[in-house]
Each structure stands twice: as C-alpha cells, then as structure tokens.
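Asks: Just final-v5.tsv, nothing more (TSV, C-alpha atoms):
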```
chain	number	residue	atom	x	y	z
Y	22	MET	CA	77.42	-54.92	-2.34
Y	23	LEU	CA	78.62	-51.70	-0.71
Y	24	ASP	CA	76.06	-49.32	0.78
Y	25	TYR	CA	77.05	-45.67	1.32
Y	26	ARG	CA	74.20	-44.44	3.52
Y	27	ALA	CA	75.76	-44.70	6.99
Y	28	LEU	CA	79.42	-43.72	6.60
Y	29	LEU	CA	80.85	-40.75	8.51
Y	30	PHE	CA	84.10	-39.05	7.52
Y	31	VAL	CA	85.71	-35.64	7.81
Y	32	GLN	CA	87.73	-33.82	5.19
Y	33	ASN	CA	88.53	-30.19	4.50
Y	34	THR	CA	87.11	-28.51	1.42
Y	35	SER	CA	87.62	-25.16	-0.25
Y	36	GLN	CA	85.43	-22.10	-0.39
Y	37	ILE	CA	85.13	-19.80	-3.35
Y	38	TYR	CA	84.85	-16.03	-3.21
Y	39	LEU	CA	83.91	-14.14	-6.37
Y	40	ILE	CA	83.49	-10.43	-6.81
Y	41	CYS	CA	81.08	-9.20	-9.51
Y	42	PHE	CA	80.76	-5.62	-10.65
Y	43	ILE	CA	77.17	-4.83	-11.55
Y	44	GLY	CA	76.77	-1.19	-12.47
Y	45	THR	CA	78.32	0.75	-9.61
Y	46	ARG	CA	77.55	-1.93	-7.04
Y	47	ILE	CA	79.81	-4.75	-5.88
Y	48	LYS	CA	78.43	-8.06	-4.73
Y	49	ILE	CA	80.62	-10.62	-2.97
Y	50	MET	CA	79.57	-14.18	-3.54
Y	51	ASN	CA	80.36	-16.71	-0.86
Y	52	CYS	CA	79.66	-20.22	-2.06
Y	53	GLU	CA	80.92	-23.55	-0.74
Y	54	VAL	CA	82.46	-25.48	-3.62
Y	55	PHE	CA	83.15	-29.21	-3.75
Y	56	GLN	CA	85.35	-30.58	-6.50
Y	57	LEU	CA	84.83	-34.33	-6.82
Y	58	LYS	CA	87.43	-36.76	-8.06
Y	59	GLU	CA	87.74	-36.90	-11.85
Y	60	LEU	CA	86.25	-40.02	-13.42
Y	61	GLU	CA	87.29	-41.69	-16.66
Y	62	VAL	CA	84.18	-43.14	-18.24
Y	63	GLU	CA	83.05	-44.67	-21.49
Y	64	PRO	CA	79.82	-43.44	-23.11
Y	65	TYR	CA	77.74	-46.44	-22.04
Y	66	GLN	CA	78.67	-45.79	-18.38
Y	67	ILE	CA	77.69	-42.12	-18.23
Y	68	ARG	CA	74.04	-42.49	-17.27
Y	69	GLU	CA	74.55	-44.83	-14.34
Y	70	VAL	CA	77.52	-42.90	-12.98
Y	71	LEU	CA	75.69	-39.57	-13.10
Y	72	ARG	CA	72.50	-40.97	-11.59
Y	73	CYS	CA	74.48	-42.41	-8.71
Y	74	ILE	CA	76.40	-39.20	-7.98
Y	75	LEU	CA	73.61	-36.66	-8.48
Y	76	HIS	CA	71.01	-38.59	-6.50
Y	77	THR	CA	73.49	-39.21	-3.68
Y	78	ILE	CA	74.22	-35.49	-3.35
Y	79	VAL	CA	70.56	-34.49	-3.51
Y	80	PHE	CA	69.59	-37.17	-0.97
Y	81	HIS	CA	72.06	-35.70	1.52
Y	82	ARG	CA	70.52	-32.26	0.99
Y	83	ALA	CA	66.96	-33.57	1.41
Y	84	LEU	CA	64.39	-31.65	3.44
Y	85	GLY	CA	61.33	-32.70	5.37
Y	86	VAL	CA	59.83	-36.12	4.73
Y	87	VAL	CA	61.33	-38.22	1.94
Y	88	ARG	CA	60.64	-41.74	0.73
Y	89	PRO	CA	64.13	-43.25	0.42
Y	90	LYS	CA	64.48	-45.69	-2.44
Y	91	ASP	CA	67.46	-48.03	-2.71
Y	92	VAL	CA	68.82	-48.43	-6.24
Y	93	ASP	CA	71.27	-51.13	-7.32
Y	94	LEU	CA	73.48	-50.18	-10.25
Y	95	ASP	CA	73.40	-52.57	-13.19
Y	96	LEU	CA	77.02	-51.98	-14.18
Y	97	PHE	CA	78.63	-51.86	-10.74
Y	98	GLU	CA	78.31	-53.58	-7.36
Y	99	ILE	CA	77.09	-50.38	-5.73
Y	100	THR	CA	73.82	-49.34	-4.09
Y	101	TYR	CA	72.77	-45.71	-3.70
Y	102	VAL	CA	69.63	-43.95	-2.41
Y	103	GLN	CA	67.13	-41.72	-4.17
Y	104	CYS	CA	64.67	-39.35	-2.47
Y	105	GLY	CA	61.71	-41.09	-4.06
Y	106	ASP	CA	60.37	-37.92	-5.69
Y	107	SER	CA	59.21	-38.33	-9.30
Y	108	GLU	CA	59.68	-34.65	-10.23
Y	109	LEU	CA	63.24	-34.63	-8.95
Y	110	GLU	CA	64.03	-37.86	-10.79
Y	111	LYS	CA	62.60	-36.40	-13.99
Y	112	LYS	CA	64.70	-33.26	-13.63
Y	113	ILE	CA	67.90	-35.28	-13.16
Y	114	GLU	CA	67.09	-37.59	-16.09
Y	115	GLU	CA	66.48	-34.63	-18.40
Y	116	LYS	CA	69.88	-33.14	-17.56
Y	117	ILE	CA	71.61	-36.50	-18.01
Y	118	ASP	CA	69.97	-36.82	-21.44
Y	119	GLN	CA	71.25	-33.38	-22.37
Y	120	PHE	CA	74.75	-34.23	-21.21
Y	121	VAL	CA	74.77	-37.50	-23.18
Y	122	SER	CA	73.69	-35.57	-26.28
Y	123	TRP	CA	76.54	-33.12	-25.72
Y	124	VAL	CA	79.04	-35.97	-25.36
Y	125	GLU	CA	77.86	-37.50	-28.63
Y	126	LYS	CA	78.62	-34.21	-30.40
Y	127	HIS	CA	81.96	-33.78	-28.57
Y	128	PRO	CA	83.49	-37.27	-28.30
Y	129	ASN	CA	86.60	-38.02	-26.25
Y	130	LYS	CA	86.52	-34.76	-24.32
Y	131	LYS	CA	86.79	-33.87	-20.67
Y	132	SER	CA	83.80	-31.99	-19.32
Y	133	GLN	CA	82.16	-30.84	-16.10
Y	134	ILE	CA	78.68	-30.92	-14.66
Y	135	CYS	CA	77.80	-28.52	-11.87
Y	136	LEU	CA	75.04	-29.17	-9.34
Y	137	SER	CA	74.21	-25.94	-7.53
Y	138	PHE	CA	71.98	-25.34	-4.51
Y	139	TYR	CA	70.48	-21.93	-3.91
Y	140	GLU	CA	67.86	-20.08	-1.93
Y	141	ILE	CA	65.44	-17.51	-3.28
Y	142	ARG	CA	65.23	-14.16	-1.53
Y	143	ASN	CA	62.83	-11.34	-2.27
Y	144	LYS	CA	64.63	-8.05	-2.66
Y	145	SER	CA	62.99	-4.66	-2.56
Y	146	THR	CA	63.44	-2.64	-5.74
Y	147	GLY	CA	61.83	0.57	-4.53
Y	148	TRP	CA	58.98	1.76	-6.73
Y	149	PHE	CA	58.96	-1.50	-8.64
Y	150	GLY	CA	58.14	-3.71	-5.64
Y	151	ASN	CA	60.06	-6.90	-4.87
Y	152	ARG	CA	62.29	-9.00	-7.09
Y	153	ALA	CA	63.26	-12.61	-6.49
Y	154	GLU	CA	66.98	-13.37	-6.58
Y	155	ARG	CA	68.89	-16.60	-6.37
Y	156	PHE	CA	71.65	-16.84	-3.77
Y	157	TYR	CA	73.89	-19.79	-4.52
Y	158	TRP	CA	75.33	-21.36	-1.38
Y	159	GLU	CA	76.77	-24.67	-2.56
Y	160	GLN	CA	78.15	-26.15	-5.79
Y	161	TRP	CA	79.32	-29.66	-6.69
Y	162	TYR	CA	81.58	-30.13	-9.69
Y	163	ILE	CA	81.60	-33.52	-11.38
Y	164	THR	CA	84.46	-33.90	-13.86
Y	165	MET	CA	84.21	-36.66	-16.44
Y	166	ASN	CA	86.81	-37.64	-18.99
Y	167	VAL	CA	84.76	-39.47	-21.60
Y	168	ILE	CA	86.75	-41.89	-23.70
Y	169	THR	CA	85.75	-44.50	-26.26
Y	170	SER	CA	87.61	-47.80	-26.22
Y	171	LYS	CA	88.92	-49.10	-29.54
Y	172	ALA	CA	86.74	-52.19	-29.34
Y	173	ALA	CA	83.57	-50.20	-28.65
Y	174	SER	CA	84.46	-47.66	-31.33
Y	175	SER	CA	85.05	-50.37	-33.91
Y	176	LYS	CA	81.77	-52.15	-33.18
Y	177	SER	CA	79.81	-48.92	-33.14
Y	178	HIS	CA	81.38	-47.95	-36.46
Y	179	HIS	CA	80.12	-51.18	-38.04
Y	180	GLY	CA	76.65	-50.63	-36.63
Y	181	LYS	CA	76.68	-53.53	-34.18
Y	182	ALA	CA	75.13	-53.27	-30.74
Y	183	ILE	CA	77.47	-53.62	-27.77
Y	184	ALA	CA	76.15	-55.89	-25.04
Y	185	VAL	CA	76.61	-54.63	-21.49
Y	186	GLU	CA	77.80	-58.07	-20.42
Y	187	GLU	CA	80.50	-57.94	-23.06
Y	188	VAL	CA	82.00	-54.60	-22.06
Y	189	THR	CA	81.76	-55.12	-18.31
Y	190	MET	CA	83.58	-58.43	-18.05
Y	191	GLU	CA	85.90	-58.03	-15.08
Y	192	ASP	CA	88.85	-59.83	-16.63
Y	193	GLY	CA	88.48	-58.24	-20.05
Y	194	ASN	CA	87.90	-54.63	-19.09
Y	195	PRO	CA	90.25	-53.34	-16.37
Y	196	ARG	CA	89.00	-49.80	-16.99
Y	197	HIS	CA	85.57	-50.84	-15.79
Y	198	ALA	CA	86.97	-52.20	-12.52
Y	199	ALA	CA	89.02	-49.04	-12.06
Y	200	LEU	CA	85.94	-46.88	-12.60
Y	201	GLU	CA	83.99	-48.81	-9.99
Y	202	LEU	CA	86.72	-48.13	-7.43
Y	203	ALA	CA	86.86	-44.47	-8.44
Y	204	LEU	CA	83.08	-44.14	-8.19
Y	205	ARG	CA	83.20	-45.56	-4.67
Y	206	ASP	CA	85.84	-42.97	-3.81
Y	207	VAL	CA	83.55	-40.22	-5.10
Y	208	LEU	CA	80.67	-41.47	-2.94
Y	209	PHE	CA	83.01	-41.45	0.07
Y	210	GLN	CA	83.97	-37.88	-0.85
Y	211	ILE	CA	80.35	-36.77	-0.92
Y	212	ILE	CA	79.67	-38.22	2.51
Y	213	GLN	CA	82.85	-36.70	3.89
Y	214	TYR	CA	81.93	-33.25	2.60
Y	215	VAL	CA	78.30	-33.22	3.77
Y	216	ASN	CA	79.36	-34.25	7.27
Y	217	GLU	CA	82.21	-31.72	7.39
Y	218	LYS	CA	80.53	-28.65	5.93
Y	219	LYS	CA	77.18	-27.65	7.41
Y	220	ASP	CA	77.48	-24.08	8.67
Y	221	HIS	CA	76.87	-22.57	5.23
Y	222	ILE	CA	73.48	-24.27	4.77
Y	223	PRO	CA	70.66	-21.68	4.92
Y	224	PRO	CA	67.59	-22.04	7.15
Y	225	VAL	CA	64.82	-24.27	5.86
Y	226	GLN	CA	62.06	-22.08	4.44
Y	227	ASN	CA	59.70	-24.78	3.19
Y	228	SER	CA	59.59	-28.10	5.04
Y	229	ASP	CA	57.20	-29.49	2.40
Y	230	ALA	CA	59.92	-29.39	-0.26
Y	231	VAL	CA	61.85	-32.59	-0.90
Y	232	SER	CA	65.17	-30.82	-1.47
Y	233	PHE	CA	66.70	-27.37	-1.40
Y	234	PRO	CA	66.18	-25.63	-4.76
Y	235	CYS	CA	68.89	-26.73	-7.16
Y	236	GLU	CA	69.97	-26.59	-10.76
Y	237	ILE	CA	72.22	-28.76	-12.89
Y	238	ALA	CA	74.48	-27.04	-15.41
Y	239	ILE	CA	76.04	-28.92	-18.30
Y	240	PRO	CA	78.40	-27.72	-21.05
Y	241	SER	CA	76.65	-25.58	-23.64
Y	242	THR	CA	76.03	-26.76	-27.18
Y	243	SER	CA	78.83	-24.47	-28.32
Y	244	ASP	CA	82.51	-24.95	-27.59
Y	245	SER	CA	82.64	-22.01	-25.18
Y	246	SER	CA	84.14	-22.59	-21.78
Y	247	PHE	CA	82.00	-24.13	-19.06
Y	248	GLY	CA	83.07	-21.54	-16.52
Y	249	MET	CA	81.81	-18.64	-18.62
Y	250	ASP	CA	78.53	-20.45	-19.24
Y	251	MET	CA	78.01	-20.84	-15.50
Y	252	PHE	CA	78.92	-17.19	-14.88
Y	253	LYS	CA	76.45	-15.98	-17.52
Y	254	ARG	CA	73.73	-18.22	-16.09
Y	255	MET	CA	74.27	-16.73	-12.64
Y	256	LEU	CA	73.94	-13.21	-13.99
Y	257	GLN	CA	70.80	-14.11	-15.92
Y	258	THR	CA	69.05	-15.83	-13.00
Y	259	GLY	CA	70.14	-13.46	-10.25
Y	260	THR	CA	73.61	-13.02	-8.90
Y	261	PRO	CA	74.48	-15.03	-5.77
Y	262	GLY	CA	75.12	-12.93	-2.69
Y	263	MET	CA	76.86	-13.24	0.63
Y	264	LEU	CA	75.13	-15.66	2.95
Y	265	SER	CA	74.07	-14.20	6.27
```
Would you encode the structure as structure tokens?

Replies:
Amino acid sequence: MLDYRALLFVQNTSQIYLICFIGTRIKIMNCEVFQLKELEVEPYQIREVLRCILHTIVFHRALGVVRPKDVDLDLFEITYVQCGDSELEKKIEEKIDQFVSWVEKHPNKKSQICLSFYEIRNKSTGWFGNRAERFYWEQWYITMNVITSKAASSKSHHGKAIAVEEVTMEDGNPRHAALELALRDVLFQIIQYVNEKKDHIPPVQNSDAVSFPCEIAIPSTSDSSFGMDMFKRMLQTGTPGMLS
C-alpha cells in the first residue's frame, strides 16, 4: 500500500490574475491556481476519489494542532490522511453528496469541483463601520469525467445491485486499474504543488483553527457554466483582492 505523506517534489504551477470592475473601482485578484490531472471515474468511485483528494489537500493546509487519521481506501490500494476534525469531515461529505446528486441528474458529463482557500479581512466602510471580505489566495480544480460502463448501466437499468467486488476485479475492469494509477498521480501532484508554492500563503491569524478557511464549489443545479457560477459566488461573498 502506497502512503503519500512523506514525498517531496517540485513542479511549476500557474497563477491567475483577474480584473473585476465594481462600480468605478478596479480590484486585481491574485490567486494561486492548481489544475489537477483529469480523472475518468464511474459513479460508484466518485465518493472515495473525492474524499481522498479533498482531505489530502486540506491536510497539507492544516494549521495548529491536528489529529492525523490514516484512511485506507476500499476500492484502491491507497492510504491518505485526514485532519481528524469532525466538522471538516462533515463539510466535505456534504459537498460530496451534493456533487453525487448533480452527477445523477447529469450523467456521463465532465465536471469540475473547486476547493478554494481564503482569508477574511475587515474593511472600513466609513460611516457604516467595518465589513468582512473574503480574499481568495488559493484554488484547486478537480476535473472528473464521469462515465457509466455498459455493464453497470445494464444492471442498474434492471434494478440489480452492483457489488463492489464485481466491478473492481483487476482482470475484468482495466478502467479501475487505470484510475488507481491516475489517482496516485494526482496525489503526487498535490504534494509537488504544496512544496513548491508557499510564498502566497497568508499569515496564520488563528492557531486554534484546524485549517485555513475554505469552501468547496460544485456545478450548480442548472446547466450554466461552472466558471460563471464561481465568479458570481465570489461577487456575492466578497471579491478576492491582491495579497499583500
């Protein structure tokens, strides 16, 4: 079983610069963006794959004292680490549930999940006192191409349960083996990025927090583009600004 906690790599990543016009003011957003390798998954694999990726990223952005918890995947020979925080686990599970529901309504589609880290700054608004704003400083894009195999589709259509052992047989499901290799590559990517890019991380404001504040964005229930949904969410929650 492969453990990804103590691997050190270096790889260049890209940085995104966006300019938003709000009234007569211009805000330049400087946010480090990591685009992870696209994964081809079947519906029954979504939960484990997302848990592994999201918890791995959050663990590497942990603050203060954490209670690391090793987790062995049921579908793959891979071990990852969670922070051991029940509230964080609940938040991730809720977003995974929402994504699975979206996939069920939009089968056989490619989609993205975005994990964003931000800091909250109080900004003076003159007579109206202070206003809290979110400044996004890092985003992780997870791209998943969800497909349904003919065998799984046929059995689901006839109302028969699909046993995990049946669909994960190494010799009978080469896609499963390919996904395991791809998932390992993604975990390597995460470790490469967190060891390469550190200068953009803001100062720790609360050492009692388990992780930097974060949010997980999934495709909306409509068919609108994911990018526009993210942009609208940023405007609604406080536009990210240039990191000092």

Asks: Measuring atom to atom with only C-alpha atoms, identify which of Y:Lys130, Y:Arg196, Y:Arg142, Y:His221 is nearest to Y:Gln66.

Replies: Y:Arg196

Asks: Taking only C-alpha atoms into account, name the residue in Y:Ile141, Y:Ile211, Y:Ile237, Y:Leu57 that is nearest to Y:Arg155.

Replies: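 Smallest distance to Y:Arg155 is found for Y:Ile141.
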
Asks: Can you work out which one of Y:Ile117, Y:Ala238, Y:Val215, Y:Val70 has the shortest atom-to-atom distance to Y:Asp93, counting all atoms listed in the file?

Replies: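 Going through Y:Ile117, Y:Ala238, Y:Val215, Y:Val70 one by one, the smallest distance to Y:Asp93 is for Y:Val70.
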
Asks: I'd like to know which of Y:Phe156, Y:Phe97, Y:Tyr65, Y:Phe80 is closest to Y:Leu202, using all atoms listed in the file.

Replies: Y:Phe97

Asks: Distance atom CA of Y:Trp158-atom CA of Y:Pro234, one decimal place?

Replies: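 Between atom CA of Y:Trp158 and atom CA of Y:Pro234 the gap is 10.6 Å.
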
Asks: Please determine, counting all atoms listed in the file, which residue among Y:Cys104, Y:Val62, Y:Leu109, Y:Ile168 has the shortest atom-to-atom distance to Y:Glu201.

Replies: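 For Y:Glu201, the nearest of the given residues is Y:Val62.
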
Asks: Identify which of the residues Y:Ala83, Y:Ile212, Y:Met165, Y:Ala153 lies closest to Y:Glu140, counting all atoms listed in the file when measuring atom-to-atom distances.

Replies: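 When distances to Y:Glu140 are compared using all atoms listed in the file, the smallest one comes from Y:Ala153.
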
Asks: Record the distance separating atom CA of Y:Ser170 and atom CA of Y:His127, expressed in Å with one decimal.

Replies: 15.3 Å

Asks: Tell me, in Å to one decimal, how far atom CA of Y:Ile163 is from atom CA of Y:Ile134.

Replies: 5.1 Å

Asks: Identify, on the basis of all atoms listed in the file, every residue whose closest approach to Y:Arg88 does not exceed 9 Å; exclude the query and any residue fewer than 6 positions from it along the same chain; express the result as a ChimeraX atom specification.

Replies: /Y:103-106

Asks: List as a VMD selection string the residues having at least one atom at most 10 Å from position (81.9, -33.0, -15.9) as given in the file, counting all atoms listed in the file.

Replies: chain Y and resid 57 59 to 60 71 120 130 to 135 162 to 167 238 to 240 247

Asks: Can you write just those residues out, C-alpha atoms, as an mmCIF file, in the frame of the given file?

Replies:
```
data_model
loop_
_atom_site.group_PDB
_atom_site.id
_atom_site.type_symbol
_atom_site.label_atom_id
_atom_site.label_comp_id
_atom_site.auth_asym_id
_atom_site.auth_seq_id
_atom_site.Cartn_x
_atom_site.Cartn_y
_atom_site.Cartn_z
ATOM 1 C CA LEU Y 57 84.830 -34.330 -6.820
ATOM 2 C CA GLU Y 59 87.740 -36.900 -11.850
ATOM 3 C CA LEU Y 60 86.250 -40.020 -13.420
ATOM 4 C CA LEU Y 71 75.690 -39.570 -13.100
ATOM 5 C CA PHE Y 120 74.750 -34.230 -21.210
ATOM 6 C CA LYS Y 130 86.520 -34.760 -24.320
ATOM 7 C CA LYS Y 131 86.790 -33.870 -20.670
ATOM 8 C CA SER Y 132 83.800 -31.990 -19.320
ATOM 9 C CA GLN Y 133 82.160 -30.840 -16.100
ATOM 10 C CA ILE Y 134 78.680 -30.920 -14.660
ATOM 11 C CA CYS Y 135 77.800 -28.520 -11.870
ATOM 12 C CA TYR Y 162 81.580 -30.130 -9.690
ATOM 13 C CA ILE Y 163 81.600 -33.520 -11.380
ATOM 14 C CA THR Y 164 84.460 -33.900 -13.860
ATOM 15 C CA MET Y 165 84.210 -36.660 -16.440
ATOM 16 C CA ASN Y 166 86.810 -37.640 -18.990
ATOM 17 C CA VAL Y 167 84.760 -39.470 -21.600
ATOM 18 C CA ALA Y 238 74.480 -27.040 -15.410
ATOM 19 C CA ILE Y 239 76.040 -28.920 -18.300
ATOM 20 C CA PRO Y 240 78.400 -27.720 -21.050
ATOM 21 C CA PHE Y 247 82.000 -24.130 -19.060
#
```

Asks: May I have the protein, DNA and RNA residues with an atom at most 10 Å from (79.5, -31.6, 3.6), counting all atoms listed in the file in the file's coordinates, returned as a short mmCIF file (atom, residue, chain, number, x, y, z; two decimals) with C-alpha atoms, in the coordinates of the input?

Replies:
```cif
data_model
loop_
_atom_site.label_atom_id
_atom_site.label_comp_id
_atom_site.auth_asym_id
_atom_site.auth_seq_id
_atom_site.Cartn_x
_atom_site.Cartn_y
_atom_site.Cartn_z
CA PHE Y 30 84.10 -39.05 7.52
CA VAL Y 31 85.71 -35.64 7.81
CA GLN Y 32 87.73 -33.82 5.19
CA ASN Y 33 88.53 -30.19 4.50
CA THR Y 34 87.11 -28.51 1.42
CA GLU Y 53 80.92 -23.55 -0.74
CA VAL Y 54 82.46 -25.48 -3.62
CA PHE Y 55 83.15 -29.21 -3.75
CA ILE Y 78 74.22 -35.49 -3.35
CA HIS Y 81 72.06 -35.70 1.52
CA ARG Y 82 70.52 -32.26 0.99
CA GLU Y 159 76.77 -24.67 -2.56
CA GLN Y 210 83.97 -37.88 -0.85
CA ILE Y 211 80.35 -36.77 -0.92
CA ILE Y 212 79.67 -38.22 2.51
CA GLN Y 213 82.85 -36.70 3.89
CA TYR Y 214 81.93 -33.25 2.60
CA VAL Y 215 78.30 -33.22 3.77
CA ASN Y 216 79.36 -34.25 7.27
CA GLU Y 217 82.21 -31.72 7.39
CA LYS Y 218 80.53 -28.65 5.93
CA LYS Y 219 77.18 -27.65 7.41
CA ASP Y 220 77.48 -24.08 8.67
CA HIS Y 221 76.87 -22.57 5.23
CA ILE Y 222 73.48 -24.27 4.77
#
```

Asks: Excluding same-chain residues fewer than 6 positions from Y:Glu125, what lies within 12 Å of it counting all atoms listed in the file, as a PyMOL selection string?

Replies: chain Y and resi 63-65+67+118-119+167-169+242
